[in-house]
Every structure is written in C-alpha cells, then in structure tokens.
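Inspection log for the structure reproduced underneath, given as structure tokens.
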Protein chains: 2
Amino acid sequence: MSTEDRKEREKEQRSNQIIDAAEEVIFSKGLARATMTDIAAQAELSKGTLYLYFKNKTELYIAIARRGSKILNKRFAKVFAGDFTGLQIIRKLGDTYLDFVKKNPGYYRAFMHYESLNDVEILRKSEVAKSCEENRKEALGFMVRALQIGMQDGSVDDSYDPRQLAIVIWSSTKGITSMVYMKEVGHHYKVLDEMEFETDRLFESFIKLVGTGIATEQARSNFLTDGH
Amino acid sequence: MSTEDRKEREKEQRSNQIIDAAEEVIFSKGLARATMTDIAAQAELSKGTLYLYFKNKTELYIAIARRGSKILNKRFAKVFAGDFTGLQIIRKLGDTYLDFVKKNPGYYRAFMHYESLNDVEILRKSEVAKSCEENRKEALGFMVRALQIGMQDGSVDDSYDPRQLAIVIWSSTKGITSMVYMKEVGHHYKVLDEMEFETDRLFESFIKLVGTGIATEQARSNFLTDGH
DNA sequence: GTCACTTTCTGACTGACAGTCATTTTTAAA
DNA sequence: TTTAAAAATGACTGTCAGTCAGAAAGTGAC
C-alpha cells in the first residue's frame, strides 16, 4: 500500500517537526521555562497534537536525548574506520565525546536529564526511552570494542576485564566531561571559576591518567596491595 | 540580649524542622511528587511558613543538599586524622564518598539536582546556595590536600599539577559513583542490568586505574607522545 | 462530485501545584 | 493590660501539563 507508506512517512515527519520545535524552544529557554504551548506554536501545531505524538513533555524531551545519542554514536562509529591502536581509539572516543558536549550543550543537558529520571515504571513503558537505551548500550559497546582491540594489539593491559574496564572508563569520562561542560557554559560551580584551567588541558590530564592506568606493563599496578 | 539569642536559636530550629520534614517527604516521594503542602503538613506548619524560611521549593532542596555536603565533608575530614600516605588518603576519600552515596541516595539525588541547576542569576542571590558552594569547594580542597601530601611523601607522581589532578580525580570519581548509584538503586540504565558486576569491584577497578595512573615513576606516562 | 467513514487536529477546559498576601495569632517588653 | 512587632496561617491567584469533545481534512467507493 503506497498510501500507507506515505502516511507512515508523514507521521515520521510530523514527529520530527515537533522534535525540531522542541529543541528550538527547550535549548533556548531551558526545559522548565519551555511550555508545551510554546513548543506547539513553534511547530505551528496545536498543543493537543503534540500529545498525539508524545505521551508527555518528558517523553518529548527523551526523544531529543535519543536524537542526540544517535548523532553521537555515528561519530563514535567513524573513529573505528581509521587505522589506530585500541589505546588511540579510546582517546579518540573521549575526544569525540568532549567535542560533542562542547558543541551541543543542549543535547548534553537532555542526556543528563534522561539519566536523572527515576520513575522506572514509566520509562519501561516508553518506546522512546527504550530506543534511547539501545543507543546508550551501543555507546558503551564502542568502548568495550576499543578495549578489546587494545588488548589484542598490546596497547592495553589485558589484566582488566574489558567490560568492567569499559564501564570504568566510560563513567569516569562522563565525570570529566560533565566538569568541562560546567566550565564551558559558565555553570555556577564556583570552584571552576577560581581554578583557571583550560578545559582541554584538564581533559589532557585525564587522558594521561587513564592512559597510564591502562597501558601495558601491569607491574605498575601493584601499589594497591600495599596501600589497602 | 538573651532573648534575641533564643529567637535566633528558635529560627534555626524551625529551619531545621522544615528541612527534616522536606527530607522525609522528598526522599520518599521524589522531588516532583512532593508538594510544599505535603512538606508543610509533615513539619506541622502551614505552607506560608515554609516560604518565610526558604524562598522557594528549589532553595529548600538546596538546603537539603547543603546538609548532605556538610555531613560528607565531616567524613572526609576524618580521613586525614589517620597516618596514611597521600595515595592511601585518596583511596579512602573515594571509599568514603562511595559509601556515603550508597547509604544516602536521597542526599546524592539532591547533589545531582543541585548541579543540574542552571539559572545562575537566581543561585547567585541565594545564601543557601552560596554556603552549599563553600562545602563543595571544601570537598575539592580535601582532594588537593591529599595529592599534595602524596607528592611530598613520594606516593604520587609530582609531574601533575595537583589542583588540576584533583579536579580530574574528583570528577572521574563522581562519574564512577554516579554509575554505582544507578546500579544500586535499580536505575533504568539497562546496560547495568546486563553487565553483572558488583559495584565494589567496579570501584576497585577504578581505584586500580587511578592508582596506576598517578603513582610515581612517570616513565610510565610517556606512551601518550607516541599515541597522539 | 458526493457520501460515509477514518484519521488528524484543535483549543477551551480541568486539576494540580508553587508561590502570595491580607489577616490572625503569638510573643515580648513596657 | 496594653501595644507593637514578629511569626504563622490558609484562602487565593496564575501558570501550566495534560484531556477530550468536537471540527477539519483526508480517503476511497460509488
């Protein structure tokens, strides 16, 4: 049925049109100040229509997060195209993430908000949340893959469990990135004002730290047995 | 004036009574579902009174975060009492933080919310936010101090800038901790369900990673110049 | 072209809640 | 007891997310 196909496509378009409008409004005013009526006006639709495509405001915001994570994952995927060692890939994944956050603070804020949601039941029912979750899984998968490559080519210490290490690196990268984000957007975290550092150098230190930590020659890592 | 002193004390008490009630309600229902009327009822006061002590709901929640950070800082301070190397102190600071988050998820959620606030102007005016900020600064100060001790006693590589390294370690610790938090509270981050890891072991890996990264013998850290 | 039926869209309406403020109650000192 | 200041109250207001009965547009058969 060609008509049905077209309708399907049109639905998709409407949905995207609404997400476009929501980004426009939410990225500029912030989630709290952005009203559904604002978004409807921006999308040149009525408020009721928004609710035909998204169950509620939160789900619409999750749709934005999903879009962001899709874009990010595409960039991650590109990193694997080049001819690099695992360790180099890990570095490039970090660079990519950091660059994404700096250039797309709106998406980053959507990520943070998504992660802070805790009404698990509501999220379980949401299709949008489900596919957003898929993207997050994929992102972590990239990290695991990079580590496995690194362990094979000898650039990464293989005494770690790659999946566990992936989570460690991924989450600490997120910690750093969140700090960089705060510094970049002029967040209220005062410590950052006083410490006059460049965010790039901060990230550089982090990379050095992680790199030293996971690089081969595990002899290095025996200090812990004394220390604890 | 003895009367004035007493009044001062009573004000302080009321304020604490309200924060107690707010914790009770918000920790059990979550911020969004907790209404100011709920909190007032729990505090056995009227809604209006809440607004005599806190400008708005957000400021009340920040007061909770402040209380949490005060408790946490006290624990951090205790770590320095023992006779440990800098590297050991860093480890213990991490342990302390992790333990705090596990046992006080409500405070941790308040921290996260506080950090996600972005209306800088409103925060600048808030006394509560200001003192909360002081606590955060103090927390980072502990990390800086631990690193300096480590660099002096030779347990930490002194080729890093201690303040920059403090931010790196502090923020990556926060990243890890946030992951542990999600795992512990049954967050919706599906990847975590599938990866059957124990949060303690995750943290162990992180400590190993950081420890290896910052421990002395900087020869280890030269890999980057090749890798990038 | 028109009819009958379905899908999509609309915006006035509802309920819930944060925050206000005129009024009442309590306290303190004369 | 009086009076003035301080503290507390809760009915009220404005805003906004989310709903729903009905209007409009689209579809396909004849």
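Letters for chains follow the order of the structure tokens (A, B, ...), residue numbers begin at 1 for each chain, and ligand numbers begin at 1 in the order shown.
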
List every residue of chain B that has an atom at most 7 Å from any atom of chain A, giving for each one its closest atom pair and the distance in Å to one decimal, counting only C-alpha atoms, sorted by chain and then by ascending residue number, as JSON lines.
{"residue": "B:Gln88", "atom": "CA", "partner": "A:Gly227", "partner_atom": "CA", "distance": 5.6}
{"residue": "B:Asn118", "atom": "CA", "partner": "A:His187", "partner_atom": "CA", "distance": 6.5}
{"residue": "B:Val120", "atom": "CA", "partner": "A:His188", "partner_atom": "CA", "distance": 5.7}
{"residue": "B:Glu133", "atom": "CA", "partner": "A:Lys190", "partner_atom": "CA", "distance": 6.8}
{"residue": "B:Lys137", "atom": "CA", "partner": "A:Val191", "partner_atom": "CA", "distance": 5.8}
{"residue": "B:Gln164", "atom": "CA", "partner": "A:Leu202", "partner_atom": "CA", "distance": 6.5}
{"residue": "B:Leu165", "atom": "CA", "partner": "A:Ser205", "partner_atom": "CA", "distance": 7.0}
{"residue": "B:Val168", "atom": "CA", "partner": "A:Phe206", "partner_atom": "CA", "distance": 5.9}
{"residue": "B:Ser171", "atom": "CA", "partner": "A:Gly175", "partner_atom": "CA", "distance": 4.8}
{"residue": "B:Ser172", "atom": "CA", "partner": "A:Ser172", "partner_atom": "CA", "distance": 4.0}
{"residue": "B:Thr173", "atom": "CA", "partner": "A:Ser172", "partner_atom": "CA", "distance": 6.5}
{"residue": "B:Lys174", "atom": "CA", "partner": "A:Gly175", "partner_atom": "CA", "distance": 5.7}
{"residue": "B:Gly175", "atom": "CA", "partner": "A:Gly175", "partner_atom": "CA", "distance": 3.9}
{"residue": "B:Ile176", "atom": "CA", "partner": "A:Ser171", "partner_atom": "CA", "distance": 5.2}
{"residue": "B:Met179", "atom": "CA", "partner": "A:Ser171", "partner_atom": "CA", "distance": 6.5}
{"residue": "B:His187", "atom": "CA", "partner": "A:Asn118", "partner_atom": "CA", "distance": 6.5}
{"residue": "B:His188", "atom": "CA", "partner": "A:Val120", "partner_atom": "CA", "distance": 5.7}
{"residue": "B:Tyr189", "atom": "CA", "partner": "A:Glu133", "partner_atom": "CA", "distance": 7.0}
{"residue": "B:Lys190", "atom": "CA", "partner": "A:Glu133", "partner_atom": "CA", "distance": 6.8}
{"residue": "B:Val191", "atom": "CA", "partner": "A:Lys137", "partner_atom": "CA", "distance": 5.7}
{"residue": "B:Leu202", "atom": "CA", "partner": "A:Gln164", "partner_atom": "CA", "distance": 6.5}
{"residue": "B:Ser205", "atom": "CA", "partner": "A:Leu165", "partner_atom": "CA", "distance": 6.9}
{"residue": "B:Phe206", "atom": "CA", "partner": "A:Val168", "partner_atom": "CA", "distance": 5.9}
{"residue": "B:Lys208", "atom": "CA", "partner": "A:Ser221", "partner_atom": "CA", "distance": 6.6}
{"residue": "B:Leu209", "atom": "CA", "partner": "A:Gly213", "partner_atom": "CA", "distance": 4.6}
{"residue": "B:Val210", "atom": "CA", "partner": "A:Gly213", "partner_atom": "CA", "distance": 6.2}
{"residue": "B:Thr212", "atom": "CA", "partner": "A:Gly213", "partner_atom": "CA", "distance": 4.7}
{"residue": "B:Gly213", "atom": "CA", "partner": "A:Gly213", "partner_atom": "CA", "distance": 4.2}
{"residue": "B:Ile214", "atom": "CA", "partner": "A:Leu209", "partner_atom": "CA", "distance": 6.5}
{"residue": "B:Arg220", "atom": "CA", "partner": "A:Thr212", "partner_atom": "CA", "distance": 6.1}
{"residue": "B:Ser221", "atom": "CA", "partner": "A:Thr212", "partner_atom": "CA", "distance": 5.1}
{"residue": "B:Leu224", "atom": "CA", "partner": "A:Lys208", "partner_atom": "CA", "distance": 6.8}
{"residue": "B:Gly227", "atom": "CA", "partner": "A:Gln88", "partner_atom": "CA", "distance": 5.9}

Any chance you can output those residues with N, CA and C atoms as an mmCIF file, in the first residue's frame?
data_model
loop_
_atom_site.group_PDB
_atom_site.id
_atom_site.type_symbol
_atom_site.label_atom_id
_atom_site.label_comp_id
_atom_site.auth_asym_id
_atom_site.auth_seq_id
_atom_site.Cartn_x
_atom_site.Cartn_y
_atom_site.Cartn_z
ATOM 1 N N GLN B 88 47.059 6.649 49.794
ATOM 2 C CA GLN B 88 46.081 5.941 50.617
ATOM 3 C C GLN B 88 44.904 6.842 50.983
ATOM 4 N N ASN B 118 20.661 25.511 36.384
ATOM 5 C CA ASN B 118 21.475 26.379 35.543
ATOM 6 C C ASN B 118 21.039 27.843 35.498
ATOM 7 N N VAL B 120 21.808 30.667 36.747
ATOM 8 C CA VAL B 120 22.921 31.175 37.535
ATOM 9 C C VAL B 120 22.542 32.404 38.368
ATOM 10 N N GLU B 133 27.917 25.945 48.070
ATOM 11 C CA GLU B 133 29.080 26.081 47.206
ATOM 12 C C GLU B 133 30.381 26.027 48.015
ATOM 13 N N LYS B 137 33.529 23.450 47.591
ATOM 14 C CA LYS B 137 34.902 23.902 47.442
ATOM 15 C C LYS B 137 35.794 23.168 48.449
ATOM 16 N N GLN B 164 44.893 20.653 39.245
ATOM 17 C CA GLN B 164 44.279 20.110 38.035
ATOM 18 C C GLN B 164 43.989 18.622 38.213
ATOM 19 N N LEU B 165 44.984 17.921 38.781
ATOM 20 C CA LEU B 165 44.799 16.488 39.001
ATOM 21 C C LEU B 165 43.649 16.239 39.974
ATOM 22 N N VAL B 168 40.539 16.358 38.086
ATOM 23 C CA VAL B 168 40.412 15.160 37.259
ATOM 24 C C VAL B 168 39.945 13.971 38.099
ATOM 25 N N SER B 171 36.330 14.548 39.571
ATOM 26 C CA SER B 171 35.217 14.427 38.640
ATOM 27 C C SER B 171 35.081 13.010 38.086
ATOM 28 N N SER B 172 36.205 12.330 37.907
ATOM 29 C CA SER B 172 36.039 10.954 37.430
ATOM 30 C C SER B 172 35.483 10.069 38.544
ATOM 31 N N THR B 173 35.867 10.368 39.779
ATOM 32 C CA THR B 173 35.274 9.636 40.899
ATOM 33 C C THR B 173 33.767 9.839 40.906
ATOM 34 N N LYS B 174 33.368 11.076 40.641
ATOM 35 C CA LYS B 174 31.941 11.352 40.613
ATOM 36 C C LYS B 174 31.245 10.570 39.490
ATOM 37 N N GLY B 175 31.928 10.447 38.365
ATOM 38 C CA GLY B 175 31.368 9.662 37.265
ATOM 39 C C GLY B 175 31.138 8.217 37.677
ATOM 40 N N ILE B 176 32.154 7.633 38.288
ATOM 41 C CA ILE B 176 32.052 6.248 38.747
ATOM 42 C C ILE B 176 30.938 6.114 39.772
ATOM 43 N N MET B 179 27.570 6.003 38.448
ATOM 44 C CA MET B 179 27.256 4.695 37.857
ATOM 45 C C MET B 179 26.884 3.698 38.961
ATOM 46 N N HIS B 187 18.327 1.702 38.830
ATOM 47 C CA HIS B 187 18.058 2.721 37.819
ATOM 48 C C HIS B 187 17.706 2.044 36.495
ATOM 49 N N HIS B 188 17.174 2.838 35.605
ATOM 50 C CA HIS B 188 16.714 2.244 34.349
ATOM 51 C C HIS B 188 17.808 2.024 33.311
ATOM 52 N N TYR B 189 19.033 2.340 33.654
ATOM 53 C CA TYR B 189 20.129 2.178 32.698
ATOM 54 C C TYR B 189 20.345 0.687 32.457
ATOM 55 N N LYS B 190 19.814 0.210 31.356
ATOM 56 C CA LYS B 190 19.730 -1.236 31.124
ATOM 57 C C LYS B 190 21.072 -1.923 31.048
ATOM 58 N N VAL B 191 22.037 -1.225 30.483
ATOM 59 C CA VAL B 191 23.354 -1.822 30.352
ATOM 60 C C VAL B 191 23.801 -2.398 31.689
ATOM 61 N N LEU B 202 33.741 -2.769 40.676
ATOM 62 C CA LEU B 202 33.861 -1.681 39.711
ATOM 63 C C LEU B 202 34.737 -0.574 40.298
ATOM 64 N N SER B 205 38.313 -1.511 40.401
ATOM 65 C CA SER B 205 39.000 -1.312 39.114
ATOM 66 C C SER B 205 39.366 0.149 38.915
ATOM 67 N N PHE B 206 38.432 0.997 39.307
ATOM 68 C CA PHE B 206 38.682 2.428 39.145
ATOM 69 C C PHE B 206 39.883 2.861 39.968
ATOM 70 N N LYS B 208 42.253 1.056 40.992
ATOM 71 C CA LYS B 208 43.457 0.479 40.388
ATOM 72 C C LYS B 208 43.926 1.357 39.229
ATOM 73 N N LEU B 209 42.950 1.750 38.418
ATOM 74 C CA LEU B 209 43.251 2.593 37.259
ATOM 75 C C LEU B 209 43.873 3.917 37.684
ATOM 76 N N VAL B 210 43.206 4.584 38.594
ATOM 77 C CA VAL B 210 43.706 5.887 39.053
ATOM 78 C C VAL B 210 45.052 5.708 39.756
ATOM 79 N N THR B 212 47.289 3.431 39.440
ATOM 80 C CA THR B 212 48.356 3.182 38.478
ATOM 81 C C THR B 212 48.727 4.465 37.748
ATOM 82 N N GLY B 213 47.682 5.238 37.442
ATOM 83 C CA GLY B 213 47.900 6.472 36.680
ATOM 84 C C GLY B 213 48.686 7.528 37.437
ATOM 85 N N ILE B 214 48.455 7.652 38.706
ATOM 86 C CA ILE B 214 49.104 8.754 39.418
ATOM 87 C C ILE B 214 50.295 8.333 40.259
ATOM 88 N N ARG B 220 56.270 5.747 33.056
ATOM 89 C CA ARG B 220 55.051 5.057 32.621
ATOM 90 C C ARG B 220 54.163 5.896 31.701
ATOM 91 N N SER B 221 54.218 7.198 31.905
ATOM 92 C CA SER B 221 53.214 8.056 31.260
ATOM 93 C C SER B 221 53.656 8.602 29.907
ATOM 94 N N LEU B 224 51.736 8.488 25.741
ATOM 95 C CA LEU B 224 50.856 9.416 25.031
ATOM 96 C C LEU B 224 51.541 10.081 23.855
ATOM 97 N N GLY B 227 51.212 7.976 21.091
ATOM 98 C CA GLY B 227 49.826 7.658 20.728
ATOM 99 C C GLY B 227 49.027 8.796 20.143
#

Using only C-alpha atoms (C1' of nucleotides), which residues sit within 12 Å of DA29 of chain C once same-chain residues fewer than 5 positions away are excluded, as a compact mmCIF listing (two decimals) with N, CA and C atoms (P, O5', C5', C4', C3', O3' and C1' of nucleotides), in the first residue's frame?
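Listed below is the output, selection-v6.txt:
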# COMPACT_ATOMS: atom_id res chain seq x y z
N THR B 3 17.22 37.21 74.94
CA THR B 3 16.01 36.89 74.19
C THR B 3 16.31 36.74 72.69
P DT D 2 -6.37 46.54 78.68
O5' DT D 2 -5.08 47.13 77.96
C5' DT D 2 -4.41 48.25 78.55
C4' DT D 2 -3.25 48.67 77.66
C3' DT D 2 -3.59 48.68 76.16
O3' DT D 2 -3.12 49.92 75.62
C1' DT D 2 -1.67 47.35 76.56
P DT D 3 -3.46 50.37 74.14
O5' DT D 3 -2.07 50.02 73.43
C5' DT D 3 -0.84 50.44 74.04
C4' DT D 3 0.32 49.91 73.20
C3' DT D 3 0.02 49.86 71.69
O3' DT D 3 1.19 50.21 71.01
C1' DT D 3 0.68 47.75 72.42
P DA D 4 1.17 51.08 69.67
O5' DA D 4 2.51 50.58 68.97
C5' DA D 4 3.68 50.41 69.78
C4' DA D 4 4.41 49.16 69.35
C3' DA D 4 4.43 48.96 67.82
O3' DA D 4 5.77 48.70 67.45
C1' DA D 4 3.75 46.98 68.90
P DA D 5 6.26 48.73 65.92
O5' DA D 5 7.08 47.39 65.86
C5' DA D 5 7.82 46.95 67.00
C4' DA D 5 7.97 45.45 66.95
C3' DA D 5 8.32 44.90 65.56
O3' DA D 5 9.45 44.06 65.71
C1' DA D 5 6.47 43.73 66.47

Within 12 Å of chain A, which residues belong to chain D? Use only C-alpha atoms (C1' of nucleotides) and report them as a list in words.
DT15, DC16, DA17, DG18, DT19, DC20, DG26, DT27 and DG28 of chain D

Could I get the residues of chain C with an atom no further than 8 Å from an atom of chain B, each paired with its nearest atom pair and that distance in Å to one decimal, using only C-alpha atoms (C1' of nucleotides), sorted by chain and residue number, as a Markdown table?
| residue | atom | partner | partner_atom | distance |
| --- | --- | --- | --- | --- |
| C:DC17 | C1' | B:Thr35 | CA | 7.2 |
| C:DA18 | C1' | B:Met36 | CA | 7.7 |
| C:DG19 | C1' | B:Asn56 | CA | 7.7 |

Limited to N, CA and C atoms (P, O5', C5', C4', C3', O3' and C1' of nucleotides), could you put the picked residues into a file as an mmCIF file, in the first residue's frame?
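Output file result-v1.cif follows:
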data_model
loop_
_atom_site.group_PDB
_atom_site.id
_atom_site.type_symbol
_atom_site.label_atom_id
_atom_site.label_comp_id
_atom_site.auth_asym_id
_atom_site.auth_seq_id
_atom_site.Cartn_x
_atom_site.Cartn_y
_atom_site.Cartn_z
ATOM 1 P P DC C 17 -0.550 18.000 43.235
ATOM 2 O "O5'" DC C 17 0.472 19.204 43.255
ATOM 3 C "C5'" DC C 17 1.281 19.479 42.101
ATOM 4 C "C4'" DC C 17 1.638 20.934 42.113
ATOM 5 C "C3'" DC C 17 2.031 21.429 43.499
ATOM 6 O "O3'" DC C 17 3.297 22.030 43.409
ATOM 7 C "C1'" DC C 17 0.560 22.931 42.441
ATOM 8 P P DA C 18 4.269 22.268 44.643
ATOM 9 O "O5'" DA C 18 4.919 23.657 44.267
ATOM 10 C "C5'" DA C 18 5.477 23.825 42.969
ATOM 11 C "C4'" DA C 18 5.564 25.306 42.660
ATOM 12 C "C3'" DA C 18 6.255 26.113 43.745
ATOM 13 O "O3'" DA C 18 7.034 27.125 43.115
ATOM 14 C "C1'" DA C 18 4.014 26.859 43.503
ATOM 15 P P DG C 19 8.102 27.964 43.909
ATOM 16 O "O5'" DG C 19 7.257 29.233 44.353
ATOM 17 C "C5'" DG C 19 6.759 30.079 43.301
ATOM 18 C "C4'" DG C 19 5.731 31.018 43.868
ATOM 19 C "C3'" DG C 19 6.166 31.812 45.109
ATOM 20 O "O3'" DG C 19 5.922 33.187 44.829
ATOM 21 C "C1'" DG C 19 4.010 30.937 45.385
#

Residues near Gln152 of chain A, anyone? I mean within 10 Å using only C-alpha atoms (C1' of nucleotides), not counting same-chain ones fewer than 6 positions away, as a ChimeraX atom specification.
/A:85-86,146,158

Could you write out the selected residues, including C-alpha atoms, as an mmCIF file, in the first residue's frame?
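Result file result-v1.cif:
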data_model
loop_
_atom_site.group_PDB
_atom_site.id
_atom_site.type_symbol
_atom_site.label_atom_id
_atom_site.label_comp_id
_atom_site.auth_asym_id
_atom_site.auth_seq_id
_atom_site.Cartn_x
_atom_site.Cartn_y
_atom_site.Cartn_z
ATOM 1 C CA THR A 85 45.613 1.088 18.176
ATOM 2 C CA GLY A 86 42.981 0.344 20.796
ATOM 3 C CA ALA A 146 38.131 -0.375 21.659
ATOM 4 C CA ASP A 158 44.824 -7.225 29.490
#

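Residues in contact with DA21 of chain D at up to 12 Å, not including ones fewer than 5 positions away on its chain and judged by only C-alpha atoms (C1' of nucleotides), are DT10, DG11, DA12 and DC13 of chain C.
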
List every residue of chain A that DSSP, applied to the backbone of this structure, assigns to helix (DSSP H, G or I), and report them as number ranges by chain.
A: 2-29, 36-43, 47-53, 57-79, 86-103, 105-116, 120-125, 127-153, 162-184, 190-194, 199-214, 218-227
